[in-house]
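Shown next: target29.txt, given as compact mmCIF, C-alpha atoms.
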# COMPACT_ATOMS: atom_id res chain seq x y z
CA MET A 26 141.35 148.40 104.01
CA ALA A 27 141.86 144.65 104.10
CA ARG A 28 142.64 142.78 100.91
CA LEU A 29 139.92 140.57 99.53
CA ASN A 30 140.17 137.08 101.00
CA GLU A 31 139.76 133.92 98.96
CA ASP A 32 136.04 133.65 99.62
CA GLN A 33 135.50 137.26 98.62
CA LEU A 34 137.53 136.83 95.44
CA GLU A 35 135.26 133.94 94.57
CA ARG A 36 132.06 135.63 95.74
CA TYR A 37 132.67 138.80 93.76
CA SER A 38 134.47 137.17 90.84
CA ARG A 39 131.72 137.91 88.34
CA GLN A 40 131.89 141.65 88.98
CA LEU A 41 135.64 141.81 89.48
CA LEU A 42 135.91 140.58 85.89
CA LEU A 43 133.99 143.51 84.52
CA PRO A 44 135.81 146.24 82.58
CA GLY A 45 136.52 149.15 84.90
CA PHE A 46 135.76 147.11 88.00
CA GLY A 47 138.54 145.28 89.83
CA GLY A 48 139.86 145.48 93.36
CA ALA A 49 139.57 149.24 93.77
CA ALA A 50 135.88 149.23 92.84
CA GLN A 51 135.17 146.35 95.20
CA LYS A 52 136.91 148.18 98.00
CA ALA A 53 134.85 151.25 97.22
CA LEU A 54 131.72 149.13 97.70
CA GLN A 55 133.07 147.66 100.92
CA SER A 56 133.67 151.06 102.42
CA ALA A 57 130.41 152.55 101.13
CA ARG A 58 127.61 153.57 103.46
CA VAL A 59 124.19 153.61 101.81
CA ALA A 60 120.74 154.53 103.12
CA MET A 61 117.62 152.89 101.70
CA VAL A 62 114.41 154.73 102.53
CA GLY A 63 111.73 152.08 102.38
CA ALA A 64 112.06 148.31 102.53
CA GLY A 65 109.11 147.58 100.27
CA GLY A 66 108.69 146.93 96.59
CA LEU A 67 111.67 149.01 95.56
CA GLY A 68 113.72 148.40 98.70
CA SER A 69 113.46 144.65 98.29
CA PRO A 70 115.55 144.32 95.11
CA VAL A 71 117.82 147.23 96.10
CA ILE A 72 118.76 145.69 99.43
CA GLU A 73 119.21 142.22 97.98
CA TYR A 74 121.44 143.33 95.13
CA LEU A 75 123.52 145.83 97.12
CA ALA A 76 124.11 143.29 99.86
CA ALA A 77 125.04 140.68 97.29
CA ALA A 78 127.46 143.09 95.60
CA GLY A 79 129.29 143.71 98.85
CA VAL A 80 128.15 147.18 99.88
CA GLY A 81 129.70 147.55 103.32
CA GLU A 82 126.99 149.32 105.26
CA LEU A 83 123.30 149.46 104.43
CA HIS A 84 120.96 151.56 106.56
CA ILE A 85 117.39 150.44 106.04
CA ILE A 86 114.69 152.90 107.11
CA ASP A 87 111.10 151.66 107.30
CA SER A 88 108.48 151.87 110.06
CA ASP A 89 106.08 149.31 108.59
CA SER A 90 105.71 145.62 109.33
CA VAL A 91 105.48 142.72 106.92
CA GLU A 92 101.92 142.11 105.68
CA LEU A 93 100.61 139.30 103.50
CA SER A 94 99.90 141.64 100.60
CA ASN A 95 103.58 142.62 100.53
CA LEU A 96 104.68 139.12 99.57
CA GLN A 97 103.35 139.38 96.01
CA ARG A 98 106.45 141.46 95.25
CA GLN A 99 108.60 142.10 98.31
CA VAL A 100 110.33 138.75 98.18
CA ILE A 101 113.01 139.88 100.61
CA HIS A 102 110.43 139.34 103.36
CA ALA A 103 109.40 135.86 102.24
CA ARG A 104 110.99 134.13 105.23
CA SER A 105 109.86 136.59 107.88
CA PRO A 106 106.78 136.03 110.02
CA LEU A 107 103.98 138.44 109.24
CA GLY A 108 104.21 141.39 111.60
CA THR A 109 108.02 141.54 111.60
CA PRO A 110 109.26 145.11 111.17
CA LYS A 111 110.30 145.37 107.54
CA ALA A 112 113.59 147.10 108.29
CA GLU A 113 114.58 144.20 110.52
CA SER A 114 113.29 141.60 108.09
CA ALA A 115 115.26 143.15 105.26
CA ALA A 116 118.41 143.53 107.35
CA THR A 117 118.27 139.87 108.35
CA ALA A 118 117.86 138.84 104.73
CA ALA A 119 120.72 141.09 103.62
CA CYS A 120 123.09 139.53 106.15
CA ALA A 121 122.01 136.06 105.08
CA ILE A 122 122.73 136.93 101.46
CA ASN A 123 126.16 138.31 102.32
CA PRO A 124 127.78 138.37 105.77
CA ASP A 125 130.14 141.09 104.45
CA CYS A 126 127.21 143.50 104.44
CA ARG A 127 126.49 145.29 107.69
CA ALA A 128 122.76 145.95 107.39
CA VAL A 129 121.39 148.28 110.05
CA PRO A 130 117.62 148.39 110.51
CA HIS A 131 115.94 151.65 111.54
CA VAL A 132 112.36 150.89 112.48
CA THR A 133 111.13 154.44 112.11
CA ARG A 134 109.59 156.84 109.66
CA LEU A 135 111.94 159.40 108.18
CA THR A 136 111.06 162.71 109.84
CA VAL A 137 112.30 166.28 109.95
CA GLU A 138 113.76 165.47 113.36
CA ASN A 139 115.74 162.36 112.37
CA ALA A 140 116.60 163.03 108.71
CA GLU A 141 120.00 164.52 109.34
CA ALA A 142 120.99 161.77 111.77
CA LEU A 143 119.85 159.02 109.42
CA LEU A 144 121.09 160.44 106.13
CA GLY A 145 123.93 162.73 107.14
CA GLY A 146 126.51 159.97 107.58
CA VAL A 147 126.01 158.04 104.35
CA ASP A 148 127.52 158.37 100.89
CA LEU A 149 124.35 157.70 98.92
CA VAL A 150 120.59 157.61 99.48
CA LEU A 151 117.97 155.61 97.62
CA ASP A 152 114.30 156.57 97.80
CA GLY A 153 111.86 153.70 97.75
CA SER A 154 109.25 155.33 99.95
CA ASP A 155 105.54 154.94 99.30
CA ASN A 156 104.15 158.42 99.92
CA PHE A 157 104.69 161.94 98.65
CA PRO A 158 105.47 163.72 101.94
CA THR A 159 108.41 161.35 102.52
CA ARG A 160 109.60 161.83 98.94
CA PHE A 161 109.69 165.58 99.35
CA LEU A 162 111.45 165.22 102.71
CA VAL A 163 114.04 162.82 101.27
CA ASN A 164 114.67 165.21 98.40
CA ASP A 165 115.05 168.26 100.58
CA ALA A 166 117.26 166.50 103.12
CA CYS A 167 119.54 165.06 100.45
CA TYR A 168 119.81 168.42 98.71
CA LEU A 169 120.67 170.21 101.94
CA LEU A 170 123.11 167.49 103.03
CA GLY A 171 124.67 167.20 99.57
CA LYS A 172 123.92 163.48 99.25
CA PRO A 173 123.33 161.90 95.83
CA LEU A 174 119.78 160.56 95.66
CA ILE A 175 118.56 157.71 93.47
CA SER A 176 114.84 158.32 93.21
CA GLY A 177 112.50 155.56 92.06
CA ALA A 178 108.71 155.43 92.06
CA ILE A 179 106.09 153.03 90.76
CA LEU A 180 102.37 152.64 90.14
CA ARG A 181 100.40 149.88 88.39
CA PHE A 182 102.53 149.00 85.37
CA GLU A 183 104.87 151.94 85.31
CA GLY A 184 107.84 153.51 86.97
CA GLN A 185 109.99 156.61 87.13
CA LEU A 186 113.71 156.70 87.90
CA THR A 187 116.38 159.36 88.08
CA VAL A 188 119.49 160.33 89.99
CA PHE A 189 119.75 163.70 91.68
CA PRO A 190 123.46 164.36 92.25
CA ASN A 191 122.89 167.15 94.78
CA ASP A 192 126.28 168.57 93.96
CA HIS A 193 124.82 172.09 93.71
CA GLY A 194 125.84 172.10 90.06
CA ALA A 195 124.53 174.87 87.84
CA ASP A 196 122.13 172.57 86.01
CA SER A 197 121.55 169.90 88.67
CA PRO A 198 117.82 169.44 89.22
CA CYS A 199 116.13 168.22 92.36
CA TYR A 200 112.78 166.50 92.76
CA ARG A 201 111.00 169.82 93.19
CA CYS A 202 112.42 171.02 89.84
CA LEU A 203 110.41 168.23 88.23
CA PHE A 204 107.36 168.12 90.49
CA PRO A 205 107.04 171.48 92.26
CA GLU A 206 104.09 170.63 94.50
CA ILE A 207 102.60 167.62 96.19
CA PRO A 208 99.50 166.42 94.32
CA PRO A 209 96.31 166.97 96.34
CA PRO A 210 95.24 164.03 98.53
CA GLY A 211 93.67 161.33 96.43
CA ALA A 212 94.80 162.74 93.09
CA ILE A 213 97.49 160.10 92.56
CA PRO A 214 96.54 156.69 93.94
CA THR A 215 98.88 154.56 96.00
CA CYS A 216 99.84 151.01 95.12
CA GLN A 217 97.40 149.93 97.80
CA GLU A 218 94.60 151.70 95.95
CA ALA A 219 95.59 151.16 92.33
CA GLY A 220 97.85 148.13 92.38
CA ILE A 221 101.36 147.33 91.23
CA LEU A 222 102.64 144.48 89.10
CA GLY A 223 105.29 142.77 91.23
CA PRO A 224 108.10 142.59 88.71
CA VAL A 225 107.59 146.22 87.76
CA ALA A 226 108.65 147.09 91.29
CA GLY A 227 111.49 144.69 90.71
CA MET A 228 112.49 146.43 87.48
CA ILE A 229 112.66 149.91 88.92
CA GLY A 230 114.27 148.83 92.19
CA THR A 231 116.82 146.74 90.34
CA MET A 232 117.68 149.70 88.15
CA GLN A 233 118.11 151.77 91.31
CA ALA A 234 120.60 149.14 92.47
CA VAL A 235 122.46 149.35 89.13
CA GLU A 236 122.69 153.12 89.52
CA ALA A 237 123.96 152.74 93.08
CA LEU A 238 126.77 150.43 92.00
CA LYS A 239 127.72 152.79 89.17
CA ILE A 240 127.85 155.78 91.48
CA LEU A 241 129.80 154.00 94.20
CA THR A 242 132.38 152.56 91.79
CA GLY A 243 132.50 155.45 89.33
CA ILE A 244 131.76 153.13 86.43
CA GLY A 245 129.49 154.17 83.56
CA GLU A 246 127.16 157.12 83.34
CA PRO A 247 124.59 157.53 86.12
CA LEU A 248 121.07 158.56 85.22
CA VAL A 249 121.77 162.18 86.06
CA GLY A 250 119.87 164.82 84.18
CA ARG A 251 117.49 162.23 82.75
CA LEU A 252 114.17 160.91 83.99
CA LEU A 253 113.58 157.35 82.85
CA VAL A 254 109.87 156.61 82.46
CA VAL A 255 108.97 152.96 82.04
CA ASP A 256 105.61 151.66 80.82
CA ALA A 257 105.82 147.92 81.27
CA LEU A 258 102.52 147.32 79.50
CA THR A 259 104.21 148.15 76.22
CA MET A 260 107.81 147.93 77.45
CA ALA A 261 108.25 151.54 76.38
CA PHE A 262 111.25 153.26 77.90
CA ARG A 263 111.24 157.00 77.60
CA SER A 264 114.02 159.33 78.68
CA ILE A 265 113.24 162.95 79.50
CA ARG A 266 116.20 165.30 79.76
CA LEU A 267 116.05 167.31 82.97
CA HIS A 268 117.22 170.76 83.98
CA ARG A 269 117.35 172.75 87.15
CA ASP A 270 114.28 174.95 87.46
CA ALA A 271 115.34 178.55 88.06
CA GLU A 272 112.02 179.00 89.92
CA CYS A 273 112.45 175.97 92.20
CA ALA A 274 111.60 176.69 95.83
CA LEU A 275 114.66 174.76 97.02
CA ASN A 276 117.13 174.78 94.18
CA GLY A 277 116.21 177.83 92.13
CA ASP A 278 117.79 181.24 91.69
CA ARG A 279 115.62 182.73 94.45
CA PRO A 280 114.90 179.83 96.78
CA THR A 281 112.22 180.20 99.44
CA MET A 282 113.32 177.06 101.29
CA HIS A 283 116.63 177.18 103.12
CA GLY A 284 116.09 174.25 105.43
CA LEU A 285 113.68 171.41 105.95
CA GLY A 286 110.03 172.42 106.00
CA VAL A 287 106.77 170.73 106.83
CA TYR A 288 105.71 167.60 104.99
CA THR A 289 102.05 166.62 105.02
CA GLU A 290 99.52 165.40 102.48
CA GLN A 291 98.25 168.99 102.34
CA GLY A 292 101.58 170.53 101.44
CA CYS A 293 105.34 170.06 101.47
CA ARG A 294 106.83 173.49 101.84
CA ALA A 295 108.86 175.82 103.98
CA ALA A 296 107.93 175.93 107.64
CA ASP A 297 106.18 179.20 108.35
CA ARG A 298 105.50 180.05 111.94
CA ALA A 299 102.94 182.64 110.93
CA CYS A 300 100.77 179.93 109.36
CA GLU A 301 98.20 177.76 111.05
CA PRO A 302 99.75 174.40 111.97
CA GLN A 303 99.24 171.88 109.17
CA ARG A 304 96.97 169.00 110.02
CA ASP A 305 98.10 165.52 108.92
CA MET B 2 100.56 176.11 65.00
CA ARG B 3 99.74 172.49 65.69
CA ILE B 4 101.13 170.97 68.87
CA ASN B 5 100.74 167.36 69.99
CA VAL B 6 100.28 166.79 73.70
CA ARG B 7 101.02 163.40 75.22
CA VAL B 8 99.41 162.81 78.59
CA PHE B 9 100.84 160.18 80.91
CA SER B 10 99.98 157.87 83.72
CA ARG B 11 97.24 159.11 86.06
CA LEU B 12 96.61 162.10 83.79
CA ARG B 13 95.82 159.74 80.92
CA GLU B 14 93.46 157.73 83.11
CA VAL B 15 91.66 160.84 84.34
CA ALA B 16 91.43 162.53 80.94
CA GLY B 17 90.49 159.34 79.14
CA VAL B 18 92.91 160.08 76.33
CA GLY B 19 96.65 159.68 75.84
CA GLU B 20 97.15 162.21 73.09
CA ILE B 21 95.62 165.56 72.34
CA SER B 22 96.22 167.72 69.29
CA LEU B 23 95.92 171.46 69.83
CA GLU B 24 95.92 174.44 67.51
CA LEU B 25 97.65 177.36 69.25
CA PRO B 26 98.68 180.88 68.18
CA GLU B 27 102.31 181.48 67.22
CA GLY B 28 104.34 182.48 70.25
CA SER B 29 102.26 180.38 72.64
CA THR B 30 104.05 179.09 75.69
CA VAL B 31 103.85 175.84 77.60
CA ALA B 32 101.65 177.71 80.08
CA ASP B 33 99.26 178.63 77.26
CA LEU B 34 99.22 175.02 76.14
CA VAL B 35 98.47 173.84 79.66
CA SER B 36 95.58 176.33 79.89
CA ALA B 37 94.23 175.12 76.56
CA THR B 38 94.51 171.51 77.68
CA LEU B 39 92.75 172.25 80.96
CA ALA B 40 90.01 174.08 79.09
CA ARG B 41 89.29 170.82 77.29
CA HIS B 42 89.96 168.55 80.23
CA GLY B 43 88.96 170.30 83.42
CA GLU B 44 89.50 167.10 85.37
CA LEU B 45 93.25 167.68 84.99
CA GLN B 46 93.12 170.99 86.86
CA VAL B 47 93.95 169.49 90.27
CA HIS B 48 97.07 167.92 88.80
CA GLU B 49 98.42 171.07 87.21
CA PRO B 50 100.63 172.39 90.04
CA SER B 51 102.40 169.06 90.52
CA MET B 52 102.97 167.92 86.96
CA LEU B 53 106.11 167.96 84.88
CA THR B 54 106.04 169.57 81.45
CA ALA B 55 108.47 168.47 78.76
CA VAL B 56 108.92 169.63 75.18
CA ASN B 57 110.45 167.16 72.73
CA GLU B 58 111.55 164.85 75.54
CA GLU B 59 113.19 167.65 77.51
CA TRP B 60 111.93 169.29 80.70
CA ALA B 61 110.70 172.78 79.98
CA PRO B 62 109.44 175.57 82.25
CA ARG B 63 105.91 176.89 81.73
CA SER B 64 107.46 180.00 80.16
CA ARG B 65 109.01 178.08 77.27
CA VAL B 66 107.84 179.33 73.87
CA LEU B 67 106.56 176.58 71.58
CA SER B 68 107.20 175.96 67.87
CA HIS B 69 105.10 174.23 65.25
CA GLY B 70 105.47 170.47 65.51
CA ASP B 71 106.67 170.45 69.12
CA GLU B 72 105.61 167.44 71.17
CA VAL B 73 104.65 168.29 74.70
CA ALA B 74 104.45 165.74 77.50
CA LEU B 75 102.43 166.24 80.68
CA MET B 76 103.58 163.86 83.40
CA PRO B 77 102.46 163.50 87.00
CA PRO B 78 104.67 162.13 89.76
CA VAL B 79 103.96 158.68 91.15
CA SER B 80 104.65 157.79 94.74
CA GLY B 81 104.55 154.03 95.00
CA GLY B 82 107.49 152.23 96.51
Whole structure given in structure tokens:
Amino acid sequence: MARLNEDQLERYSRQLLLPGFGGAAQKALQSARVAMVGAGGLGSPVIEYLAAAGVGELHIIDSDSVELSNLQRQVIHARSPLGTPKAESAATAACAINPDCRAVPHVTRLTVENAEALLGGVDLVLDGSDNFPTRFLVNDACYLLGKPLISGAILRFEGQLTVFPNDHGADSPCYRCLFPEIPPPGAIPTCQEAGILGPVAGMIGTMQAVEALKILTGIGEPLVGRLLVVDALTMAFRSIRLHRDAECALNGDRPTMHGLGVYTEQGCRAADRACEPQRD
Amino acid sequence: MRINVRVFSRLREVAGVGEISLELPEGSTVADLVSATLARHGELQVHEPSMLTAVNEEWAPRSRVLSHGDEVALMPPVSGG
């Protein structure tokens, strides 16, 4: 691992000064490989801050293209022509922020077929996806691959944030321990349907970035075993202590899922060949 | 025993209230509380399988036995990103 050059010493000076940081932590960031699922409202601050901090390799997974309505909050795309694939737009911006960061765009949805290839080779995964089937897939893949997962989600004026260590610890929860089933279609609106205050996406995504830096450098106490619930309307921050659910389909004492399943708006569960094929 | 239920996010919007006070028999569980809440707010039924239940700011399974003065939170997931 190369020593930090003069420019890097200057660039990262404000974090190198921090207690517990220093050269070893910076090198840990430089050699880190991180996957960001979603280059939208949460991905925007995550990618910007992780690139700026010197994370060595950032895999950005998003199949969507930049739309005008994104620009109210996804400032990472501000300089991209509308219609640019978001993964590419974000990767370009990340490299412009910091040439030390190798940002790799993956213009694709995360699927059962590509999850292992996309997530298997990284040290850390951040979920900034915008739909439940992907969230369940990200959770299951990270659990099975043993990758720590920083899960963030937003709606209107609020957000949820936690870290799933996926270390198969006795009390380590996964997403399904908290939310065992996908809500029925239409039960929970999307940001497109219900709205999102721009900086609220910024808040939660930025906190995901903080958690990423803590995990990669070993500094501080990651948000493991706690769900942070933020209501920006009142600036109420609530912390719910989490536990592994002994009845969890993936992570429980008698799991029914031993591999990736099927992930649709109708259900996110074990694949069962005896069942009728799920319709999207 | 008297139990306060705090309902969050989409559940609060759908139910029209953020807090519900319930009178439950001694030995009632979180599952009993959820049933009592749904009896009052049937519109929450569709959310039941996907929601998180917490007692005194700590995740609890539906089988958890409640005590007088416990505060229960019912929280749905959100998916925006």
- Within 9 Å of chain B, which residues of chain A show up when using only C-alpha atoms, listed as number ranges by chain? A: 63-68, 152-157, 160, 177-181, 183-185, 202-209, 212-217, 221, 226, 230, 251, 256, 263-268, 270-272
- Place a sphere of radius 10 Å on (93.4, 162.0, 72.0) in the file coordinates and name every protein, DNA or RNA residue with an atom inside or on its surface, counting all atoms listed in the file; give the answer as number ranges by chain. B: 5-8, 13, 16-22
- Item | Close residues, region 278-287 of chain A itself excluded, 7 Å, all atoms listed in the file, min 3 positions apart in chain, as a ChimeraX atom specification | /A:137,165-166,271-275,293-296
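Here CA of Ser56 (chain A) is placed at a distance of 22.5 Å from CA of Tyr168 (chain A).
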- From the list A:Ile175, A:Ala118, A:Leu241, A:Leu169, which residue is nearest Ala76 (chain A) when using all atoms listed in the file?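 Ranked by minimum distance to Ala76 (chain A), first place goes to A:Ala118.
Among the candidate residues B:Gly28, B:Ser64, B:Arg41, B:Leu34, the one lying nearest to Ile4 (chain B) is B:Leu34, with distances computed using only C-alpha atoms.
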- Residue with smallest distance to Ala49 (chain A) - pool A:Ile85, A:Gly243, A:Gly277, A:Thr159, counting only C-alpha atoms: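 Ranked by minimum distance to Ala49 (chain A), first place goes to A:Gly243.
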- Message: Using Å and a single decimal, report how far CA of Gly145 (chain A) sits from CA of Gly81 (chain A).
- Response: 16.7 Å
- Task: Using CA of Ser90 (chain A) and CA of Ala115 (chain A) as the two end points, give the distance in Å to one decimal.
- Result: 10.7 Å
- Query: Got a sec: who's within 10 Å of Leu93 (chain A), counting only C-alpha atoms, leaving out chain neighbours fewer than 6 positions off, as a ChimeraX atom specification?
  - Reply: /A:99,102-103,106-108
Residues within 6 Å of Met2 (chain B), please, as a PDB file with C-alpha atoms, in the coordinates of the input. Count all atoms listed in the file; anything in the same chain fewer than 2 positions from it doesn't count.
ATOM      1  CA  GLU B  24      95.920 174.440  67.510  1.00  0.00           C
ATOM      2  CA  LEU B  25      97.650 177.360  69.250  1.00  0.00           C
ATOM      3  CA  HIS B  69     105.100 174.230  65.250  1.00  0.00           C
TER       4      HIS B  69
END
Closest atom pairs, region 46-163 of chain A residues within 8 Å of region 26-41 of chain A, all atoms listed in the file, as a Markdown table:
| residue | atom | partner | partner_atom | distance |
| --- | --- | --- | --- | --- |
| A:Phe46 | CA | A:Leu41 | CA | 5.5 |
| A:Gly47 | CA | A:Leu41 | CA | 4.5 |
| A:Gly48 | CA | A:Leu41 | CA | 6.8 |
| A:Gln51 | CA | A:Leu41 | CA | 7.3 |
| A:Lys52 | CA | A:Met26 | CA | 7.5 |
| A:Ala78 | CA | A:Tyr37 | CA | 7.0 |
| A:Gly79 | CA | A:Tyr37 | CA | 7.8 |
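Between Gly227 (chain A) and the residues A:Ala257, A:Leu135, A:Ala116, A:Ala50, the shortest atom-to-atom distance, using all atoms listed in the file, involves A:Ala257.
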Reconstructed all heavy atoms for region 117-126 of chain A, given as a PDB file, keeping the file's coordinate frame:
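Result went into selection26.pdb, see below:
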ATOM      1  N   THR A 117     117.965 141.298 108.134  1.00  0.00           N
ATOM      2  CA  THR A 117     118.270 139.870 108.350  1.00  0.00           C
ATOM      3  C   THR A 117     118.539 139.186 107.014  1.00  0.00           C
ATOM      4  O   THR A 117     119.498 138.409 106.866  1.00  0.00           O
ATOM      5  CB  THR A 117     117.102 139.183 109.071  1.00  0.00           C
ATOM      6  OG1 THR A 117     116.864 139.857 110.305  1.00  0.00           O
ATOM      7  CG2 THR A 117     117.388 137.714 109.339  1.00  0.00           C
ATOM      8  N   ALA A 118     117.689 139.457 106.048  1.00  0.00           N
ATOM      9  CA  ALA A 118     117.860 138.840 104.730  1.00  0.00           C
ATOM     10  C   ALA A 118     119.158 139.298 104.080  1.00  0.00           C
ATOM     11  O   ALA A 118     119.864 138.500 103.457  1.00  0.00           O
ATOM     12  CB  ALA A 118     116.667 139.197 103.829  1.00  0.00           C
ATOM     13  N   ALA A 119     119.490 140.572 104.225  1.00  0.00           N
ATOM     14  CA  ALA A 119     120.720 141.090 103.620  1.00  0.00           C
ATOM     15  C   ALA A 119     121.936 140.387 104.198  1.00  0.00           C
ATOM     16  O   ALA A 119     122.861 140.005 103.475  1.00  0.00           O
ATOM     17  CB  ALA A 119     120.817 142.600 103.848  1.00  0.00           C
ATOM     18  N   CYS A 120     121.952 140.205 105.514  1.00  0.00           N
ATOM     19  CA  CYS A 120     123.090 139.530 106.150  1.00  0.00           C
ATOM     20  C   CYS A 120     123.180 138.069 105.739  1.00  0.00           C
ATOM     21  O   CYS A 120     124.271 137.521 105.613  1.00  0.00           O
ATOM     22  CB  CYS A 120     122.991 139.639 107.666  1.00  0.00           C
ATOM     23  SG  CYS A 120     123.165 141.323 108.218  1.00  0.00           S
ATOM     24  N   ALA A 121     122.015 137.451 105.518  1.00  0.00           N
ATOM     25  CA  ALA A 121     122.010 136.060 105.080  1.00  0.00           C
ATOM     26  C   ALA A 121     122.548 135.937 103.656  1.00  0.00           C
ATOM     27  O   ALA A 121     123.233 134.976 103.315  1.00  0.00           O
ATOM     28  CB  ALA A 121     120.597 135.485 105.161  1.00  0.00           C
ATOM     29  N   ILE A 122     122.230 136.933 102.830  1.00  0.00           N
ATOM     30  CA  ILE A 122     122.730 136.930 101.460  1.00  0.00           C
ATOM     31  C   ILE A 122     124.250 137.116 101.464  1.00  0.00           C
ATOM     32  O   ILE A 122     124.977 136.466 100.711  1.00  0.00           O
ATOM     33  CB  ILE A 122     122.060 138.065 100.638  1.00  0.00           C
ATOM     34  CG1 ILE A 122     120.581 137.729 100.366  1.00  0.00           C
ATOM     35  CG2 ILE A 122     122.803 138.329  99.336  1.00  0.00           C
ATOM     36  CD1 ILE A 122     119.778 138.890  99.835  1.00  0.00           C
ATOM     37  N   ASN A 123     124.730 138.004 102.315  1.00  0.00           N
ATOM     38  CA  ASN A 123     126.160 138.310 102.320  1.00  0.00           C
ATOM     39  C   ASN A 123     126.597 138.794 103.704  1.00  0.00           C
ATOM     40  O   ASN A 123     126.288 139.911 104.094  1.00  0.00           O
ATOM     41  CB  ASN A 123     126.460 139.401 101.275  1.00  0.00           C
ATOM     42  CG  ASN A 123     127.946 139.630 101.104  1.00  0.00           C
ATOM     43  OD1 ASN A 123     128.770 139.091 101.860  1.00  0.00           O
ATOM     44  ND2 ASN A 123     128.298 140.435 100.116  1.00  0.00           N
ATOM     45  N   PRO A 124     127.330 137.966 104.437  1.00  0.00           N
ATOM     46  CA  PRO A 124     127.780 138.370 105.770  1.00  0.00           C
ATOM     47  C   PRO A 124     128.739 139.570 105.742  1.00  0.00           C
ATOM     48  O   PRO A 124     128.947 140.200 106.769  1.00  0.00           O
ATOM     49  CB  PRO A 124     128.521 137.124 106.304  1.00  0.00           C
ATOM     50  CG  PRO A 124     128.294 136.046 105.325  1.00  0.00           C
ATOM     51  CD  PRO A 124     127.754 136.619 104.069  1.00  0.00           C
ATOM     52  N   ASP A 125     129.276 139.895 104.580  1.00  0.00           N
ATOM     53  CA  ASP A 125     130.140 141.090 104.450  1.00  0.00           C
ATOM     54  C   ASP A 125     129.343 142.371 104.614  1.00  0.00           C
ATOM     55  O   ASP A 125     129.928 143.430 104.871  1.00  0.00           O
ATOM     56  CB  ASP A 125     130.787 141.153 103.049  1.00  0.00           C
ATOM     57  CG  ASP A 125     131.926 140.165 102.877  1.00  0.00           C
ATOM     58  OD1 ASP A 125     132.318 139.532 103.887  1.00  0.00           O
ATOM     59  OD2 ASP A 125     132.408 140.025 101.745  1.00  0.00           O
ATOM     60  N   CYS A 126     128.038 142.298 104.418  1.00  0.00           N
ATOM     61  CA  CYS A 126     127.210 143.500 104.440  1.00  0.00           C
ATOM     62  C   CYS A 126     126.700 143.747 105.845  1.00  0.00           C
ATOM     63  O   CYS A 126     126.033 142.897 106.447  1.00  0.00           O
ATOM     64  CB  CYS A 126     126.027 143.331 103.484  1.00  0.00           C
ATOM     65  SG  CYS A 126     124.859 144.715 103.541  1.00  0.00           S
TER      66      CYS A 126
END
